[in-house]
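Take a look at the structure below.
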Amino acid sequence: MKMTPQMPAAAIWLLKVFKVPESNPALAGDLSEEYSGGQRAAWLWRQVLAVIAFTIAKEIYSHKLLTIRAVIAGEAWVLLSYFALIRALSSHWFAMFRISVFPPSGLPFLSVFWILLLPESMIVFMFGGWIVGRLHRDHWATFVVLFATLQSIFILVQVFPNLLLHLINSIDQPRFRPYLAMDLGILLLFPIAVLLGGYIAGSRADDRCPRPRPLNG
Amino acid sequence: MDKGTYLRDFELMILLVVLRLGDDAYGVPIAREIKVHGRREVSLAKVYATLERLQEKGYISSKLADPTPERGGRAKRYFSVTARGLKKVRETQRILVRLWRGVSELQGDSV
């Protein structure tokens with residue numbers, strides 16, 4: 001069922017992903033009514049983001065154990081696969097291509113990272129998101145977003161010192177810009193991979209499962 | 001007396017707005033009234049979260065109206081304050097008024 005033709009498709013899609021039209025149809029109707037009544041797009045997006053934030057907070061609060069399980073499951077996969085699979089494969093490739101892990105010039109390492117490690121890492125994070133979504137079909141959107149957010153925080157903590165250094169250095173020294181691009185790539189692409197993997201698992205689950213009953217009776 | 005919990009300020013505002021609106025108390029006008037009288041914009045999500053909490057406490061009840069096309073085929077949910085909710089509002093008012101009296105810093109201030 002369509003909410004209203006005027007509402008942006010992306011807003012409708014986001015609300016559907018978080019099952020707002022099913023769990024709280026009156027709220028979804030209020031948003032449609034206000035937007036078609038002349039509210040600005042900025043207002044709508046503020047409201048949609050607030051609805052999503054409240055939905056996530058409520059689901060986490062209502063399902064604390066499931067939340068912990070989702071985070072542990074995703075994190076276990078990422079850590080295990082990252083340290084076992086990627087380390088093994090990458091060391092094999094490094095040896096195969098006779099490239100040092102810490103080459104003196106730096107640039108070959110970046111090339112190796114982008115060509116070999118990035119796709120692998122993307123797959124690992126994507127599969128992490130898929131596992132979280134697949135194991136928690138009824139609340140996949142909340143848990144996948146939570147897991148992606150946690151990954152962003154972990155990655156930011158890890159890359160922040162380098163990111164800051166590369167950002168400052170790349171202002172007047174162009175040779176640092178590839179490193180800055182790598183830091184930003186890691187920071188952005190891995191959480192996106194988690195979201196993508198979670199969406200693949202969750203959207204399939206949505207096609208199969210009946211939706212929960214409305215919240216207010 | 002309903003022991004255990006006091007109304008939060010936003011819960012009290014919502015209950016008062018629902019009482020003011022009478023038969024027209026659904027999400028959009030409730031948020032609008034709070035914006036007009038509270039002089040701050042509130043998200044519909046926050047309004048609904050509070051309404052849901054108040055409903056769980058038994059202070060308000062709700063009923064669905066017929067779906068309308070301008071709402072994408074979705075019904076309005078109208079809210080009304082229950083007898084228990086009204087009692088809680090009165091009780092909160094009494095407590096606040098008692099606390100208000102005798103505070104020299106607040107004497108003579110226009111509201």
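In the structure tokens, chains take the letters A, B, ... in the order shown, each chain's residues start at 1, and ligands count up from 1 in the order shown.
Residues with any atom within 10 Å of Val17 of chain A, counting only C-alpha atoms and excluding same-chain neighbours fewer than 6 positions away, are Ala11, Ile52, His139, Trp140, Ala141, Thr142, Tyr199, Gly202, Ser203 and Asp206 of chain A.
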- Task: Identify, with DSSP run on backbone atoms, the residues in segment 14-93 of chain B assigned to strand (DSSP E or B), and express the list as a ChimeraX atom specification.
- Result: /B:60-68,74-81
Can I get the selection written as a tab-separated table (two decimals), in the first residue's frame, with C-alpha atoms?
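Wrote result-v5.tsv, looks like this:
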chain	number	residue	atom	x	y	z
B	60	ILE	CA	-5.15	7.59	28.14
B	61	SER	CA	-7.10	5.39	25.77
B	62	SER	CA	-7.27	5.42	21.99
B	63	LYS	CA	-9.51	4.44	19.14
B	64	LEU	CA	-8.98	4.20	15.40
B	65	ALA	CA	-11.03	6.24	12.94
B	66	ASP	CA	-11.69	5.33	9.32
B	67	PRO	CA	-8.74	5.48	6.89
B	68	THR	CA	-8.55	8.54	4.64
B	74	ARG	CA	-4.14	5.07	7.05
B	75	ALA	CA	-6.49	5.75	9.91
B	76	LYS	CA	-6.15	8.45	12.54
B	77	ARG	CA	-5.75	7.26	16.12
B	78	TYR	CA	-7.73	9.48	18.47
B	79	PHE	CA	-6.68	9.71	22.10
B	80	SER	CA	-8.67	10.58	25.21
B	81	VAL	CA	-7.73	10.92	28.86
- With a distance cut-off of 10 Å and only C-alpha atoms, select the neighbouring residues of Val20 of chain A, excluding the residue or stretch itself and same-chain residues fewer than 5 positions from it, and output the selection as a ChimeraX atom specification. /A:12,14-15,25-28,48,51-52,55,214-215
- If you count only C-alpha atoms, which residues fall within 7 Å of Ala45 of chain B, apart from same-chain ones fewer than 2 positions away, as a count of residues only? 7
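Of the listed residues B:Val36, B:Leu99, B:Leu54, B:Val17, the one whose atoms come nearest to chain A is B:Leu54, with distances taken using only C-alpha atoms.
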- Query: Hey, which of A:Ser81, A:Asn162, A:Ser32, A:Thr67 ends up closest to Val132 of chain A? Count only C-alpha atoms.
  - Reply: A:Thr67
- Message: I'd like the contact shell of Ile34 of chain B - 10 Å cut-off, only C-alpha atoms, skipping same-chain residues fewer than 2 positions apart - returned as a ChimeraX atom specification.
- Response: /B:10,13-14,16-17,29-32,36-42,47
- List the neighbours of segment 149-158 of chain A out to 8 Å using only C-alpha atoms; skip same-chain residues closer than 6 positions along the sequence, and give me the result as a VMD selection string. chain A and resid 186 to 188 190 to 191
- Note on the structure: Between A:Ile200, A:Leu165, A:Ala41, A:Leu49, smallest distance to chain B by only C-alpha atoms belongs to A:Leu49
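Each of B:Val28, B:Ala83, B:Ile95, B:Leu106 was compared to chain A using only C-alpha atoms, and B:Val28 turns out to be the nearest.
Relative to atom CA of Glu33 of chain B, atom CA of Leu21 of chain B is found at 8.6 Å.
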- Would you kindly return, as a ChimeraX atom specification, each protein, DNA or RNA residue with an atom no farther than 10 Å from any atom of Tyr6 of chain B, considering only C-alpha atoms and excluding same-chain residues fewer than 5 positions away? /B:11-12,88-89,91-92
If you keep N, CA and C atoms, can you produce a file of those selected residues as a PDB file, in the first residue's frame?
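Writing done, so here's result.pdb:
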ATOM      1  N   GLU B  11       4.995  14.282  29.679  1.00  0.00           N
ATOM      2  CA  GLU B  11       3.773  13.478  29.846  1.00  0.00           C
ATOM      3  C   GLU B  11       2.623  14.359  30.314  1.00  0.00           C
ATOM      4  N   LEU B  12       2.924  15.264  31.252  1.00  0.00           N
ATOM      5  CA  LEU B  12       1.892  16.173  31.746  1.00  0.00           C
ATOM      6  C   LEU B  12       1.408  17.085  30.613  1.00  0.00           C
ATOM      7  N   LYS B  88      -4.734  11.630  37.862  1.00  0.00           N
ATOM      8  CA  LYS B  88      -3.277  11.838  37.961  1.00  0.00           C
ATOM      9  C   LYS B  88      -2.915  13.292  37.652  1.00  0.00           C
ATOM     10  N   VAL B  89      -3.595  13.875  36.656  1.00  0.00           N
ATOM     11  CA  VAL B  89      -3.322  15.274  36.308  1.00  0.00           C
ATOM     12  C   VAL B  89      -3.687  16.176  37.482  1.00  0.00           C
ATOM     13  N   GLU B  91      -3.899  15.385  40.630  1.00  0.00           N
ATOM     14  CA  GLU B  91      -2.962  15.119  41.725  1.00  0.00           C
ATOM     15  C   GLU B  91      -1.639  15.855  41.487  1.00  0.00           C
ATOM     16  N   THR B  92      -1.153  15.806  40.241  1.00  0.00           N
ATOM     17  CA  THR B  92       0.092  16.505  39.878  1.00  0.00           C
ATOM     18  C   THR B  92      -0.072  18.008  40.055  1.00  0.00           C
TER      19      THR B  92
END
- Task: Determine which residues of chain B receive a DSSP assignment of helix (DSSP H, G or I), computed from the backbone, and state them as a VMD selection string.
- Result: chain B and resid 9 to 24 27 to 38 44 to 57 69 to 71 83 to 100 104 to 106
- Nearest to chain A: which of B:Glu70, B:Leu7, B:Leu15, B:Leu51 is it, counting only C-alpha atoms? B:Glu70
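Atom CA of Met182 of chain A is found 9.0 Å from atom CA of Leu163 of chain A.
Counting only C-alpha atoms, the residue from B:Lys35, B:Arg8, B:Arg20, B:Lys46 that sits nearest to Ala53 of chain A is B:Lys46.
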- Item | Interatomic distance, atom CA of Ala84 of chain A to atom CA of Pro161 of chain A (Å, one decimal) | 25.5 Å
